[in-house]
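Q: Attaching a single structure in structure tokens format; questions to follow.
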Amino acid sequence: MTLLELLAGLVLLTAGGELLVRGGSALGRAVGISPLVIGLTVVAFATAAPELAVSLGAALTGAAGIAVGNVVGSNIANVLLVGGLTAVAAPLAVDRKLLRGDLPALLGLSVLLFLLAIDGTVALWEGLLLVVLAVAYLSWKVLAGRREEAPDATEDERPPLRPRTVLVPLGMLLVGIALLVVGARMLVSAATTIAAALGLSDLVIGLTVVAVGTSLPELATTVVAALRGQREMALGNIVGSNVLNIGVVLGLTAVVAPGGLPVDASALRLDLPVMIAVTLAFVPLLLTGARLVRWEGGLLLAWYAIYLAVLVLPAMGSAAAPAFTAVAQWGLLPLTAIGLAVLTVREVRTRRRAATTG
């Protein structure tokens, strides 16, 4: 029955992702908003629903600390796991607006969260600040995107704005959201049962299964969007979901949590810095040729595997944990950072030469 629940969850996630992408694309065409902005807003709100449900539920039941791990772990998984698998499935084209405005906004929110959490708590007013910043930013994206004509349709090709042209895509979005939420819940439940049967601790299950499980809607939607050619929507979904996770999900959780949202010291030492680092790493990868190609997706997946190993091995009491962590911290990650820096410098120089000769 657990395996059947696992398979059913996968089916629902796939169907939900398909409906969400179809509905989002149609809604964008109907109201004149680009796929990138749809991905950053409507689709991102939809796929962030599991994180919001888990975090608010944890806060209201007195386990608000889980919300930090859920949000931070999901953001890391969105970039490394979702971005990596999507790029492996179909190389992603990058809209320049994403590099100029959206990634810096995500990075700014990530750094702000770290600064607010340094004292060990995200207070009520700090949560409100995060919510206001995220909502203001996304509102500006919608207003700016509304003024831009969708790139895949001219004014004559776009269907007239009638109730049907809006209600049908909206209905597809709502059904897609429902399927994603139910599918993610079934998959997390089944995976947790399997992990417990294998003898893994609650800590390991929480750090891996729950964080990955709440990122499954993003994974399903992003992969489907990439395979259907909506590649700007795919990247927009990743960035938009991470902005919402920090600003809306974690911000609202800090507001409703009694006494504010506690942040564990280990999250300040490892998880929050890793979240900032992977957001930074996204920038040079996207700069190289304005595409996220398959080998770069493979690199993101390798990073995620290393991150999980650094989390899981100590939790399981493995004797190899200190050595592996040292090699990852002082060997693999610095070498990767140097490689990314070299790629970035080469890309910048190539563009300067092209601009000079042009």
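Labels for the structure tokens follow display order: chains A, B, ..., residues from 1 in each chain, ligands from 1.
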Taking the DSSP assignment computed from this structure's backbone, write out as a ChimeraX atom specification all residues of range 221-282 of chain A that belong to helix (DSSP H, G or I).

A: /A:221-227,231-256,265-282

Q: Give me, as a list in words, all polymer residues having an atom no more than 9 Å from range 270-274 of chain A, counting only C-alpha atoms and skipping those fewer than 6 positions away in the same chain.

A: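 The neighbour list is Gly69, Val72, Gly73, Ile76, Ser110, Val111, Leu113, Phe114 and Tyr307 of chain A.
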
Q: How would you write, as a VMD selection string, the set of residues in range 83-134 of chain A that DSSP gives as strand (DSSP E)?

A: chain A and resid 92 to 93 121 to 122

Q: Write the residues of the selection above to a file with all heavy atoms, as a PDB file, in the first residue's frame.

A:
```
ATOM      1  N   LEU A  92      17.842  25.046 -20.143  1.00  0.00           N
ATOM      2  CA  LEU A  92      16.945  26.172 -19.898  1.00  0.00           C
ATOM      3  C   LEU A  92      17.521  27.472 -20.442  1.00  0.00           C
ATOM      4  O   LEU A  92      18.669  27.825 -20.158  1.00  0.00           O
ATOM      5  CB  LEU A  92      16.698  26.326 -18.388  1.00  0.00           C
ATOM      6  CG  LEU A  92      16.029  25.133 -17.706  1.00  0.00           C
ATOM      7  CD1 LEU A  92      15.946  25.361 -16.206  1.00  0.00           C
ATOM      8  CD2 LEU A  92      14.646  24.886 -18.285  1.00  0.00           C
ATOM      9  N   ALA A  93      16.724  28.194 -21.212  1.00  0.00           N
ATOM     10  CA  ALA A  93      17.104  29.530 -21.658  1.00  0.00           C
ATOM     11  C   ALA A  93      16.826  30.521 -20.537  1.00  0.00           C
ATOM     12  O   ALA A  93      15.923  30.321 -19.719  1.00  0.00           O
ATOM     13  CB  ALA A  93      16.318  29.913 -22.906  1.00  0.00           C
ATOM     14  N   THR A 121      16.233  34.515  16.555  1.00  0.00           N
ATOM     15  CA  THR A 121      14.772  34.602  16.425  1.00  0.00           C
ATOM     16  C   THR A 121      14.407  35.562  15.293  1.00  0.00           C
ATOM     17  O   THR A 121      15.036  36.606  15.145  1.00  0.00           O
ATOM     18  CB  THR A 121      14.122  35.112  17.725  1.00  0.00           C
ATOM     19  OG1 THR A 121      14.494  34.265  18.805  1.00  0.00           O
ATOM     20  CG2 THR A 121      12.593  35.110  17.612  1.00  0.00           C
ATOM     21  N   VAL A 122      13.403  35.172  14.515  1.00  0.00           N
ATOM     22  CA  VAL A 122      12.790  36.108  13.575  1.00  0.00           C
ATOM     23  C   VAL A 122      11.524  36.619  14.250  1.00  0.00           C
ATOM     24  O   VAL A 122      10.549  35.879  14.410  1.00  0.00           O
ATOM     25  CB  VAL A 122      12.456  35.435  12.231  1.00  0.00           C
ATOM     26  CG1 VAL A 122      11.800  36.436  11.280  1.00  0.00           C
ATOM     27  CG2 VAL A 122      13.706  34.855  11.587  1.00  0.00           C
TER      28      VAL A 122
END
```

Q: I want to know what sits within 9 Å of Glu126 in chain A, based on only C-alpha atoms, with residues of the same chain fewer than 2 positions away left out; could you give that as number ranges by chain?

A: A: 113, 116, 122-124, 128-131, 251, 254-255, 260

Q: Record the distance separating CA of Leu112 in chain A and CA of Asn237 in chain A, expressed in Å with one decimal.

A: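 Interatomic distance, CA of Leu112 in chain A to CA of Asn237 in chain A: 21.2 Å.
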
Q: Env of Asn75 in chain A: 9 Å cut, atoms = only C-alpha atoms, seq-sep filter 5 positions within chain, self excluded. Answer as a list in words.

A: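 Once the nearby chain positions are removed, what remains is Asn70, Leu80, Ala211, Ser215, Ile238, Ser241, Asn242, Val243, Asn245, Ile246, Met275 and Thr279 of chain A.
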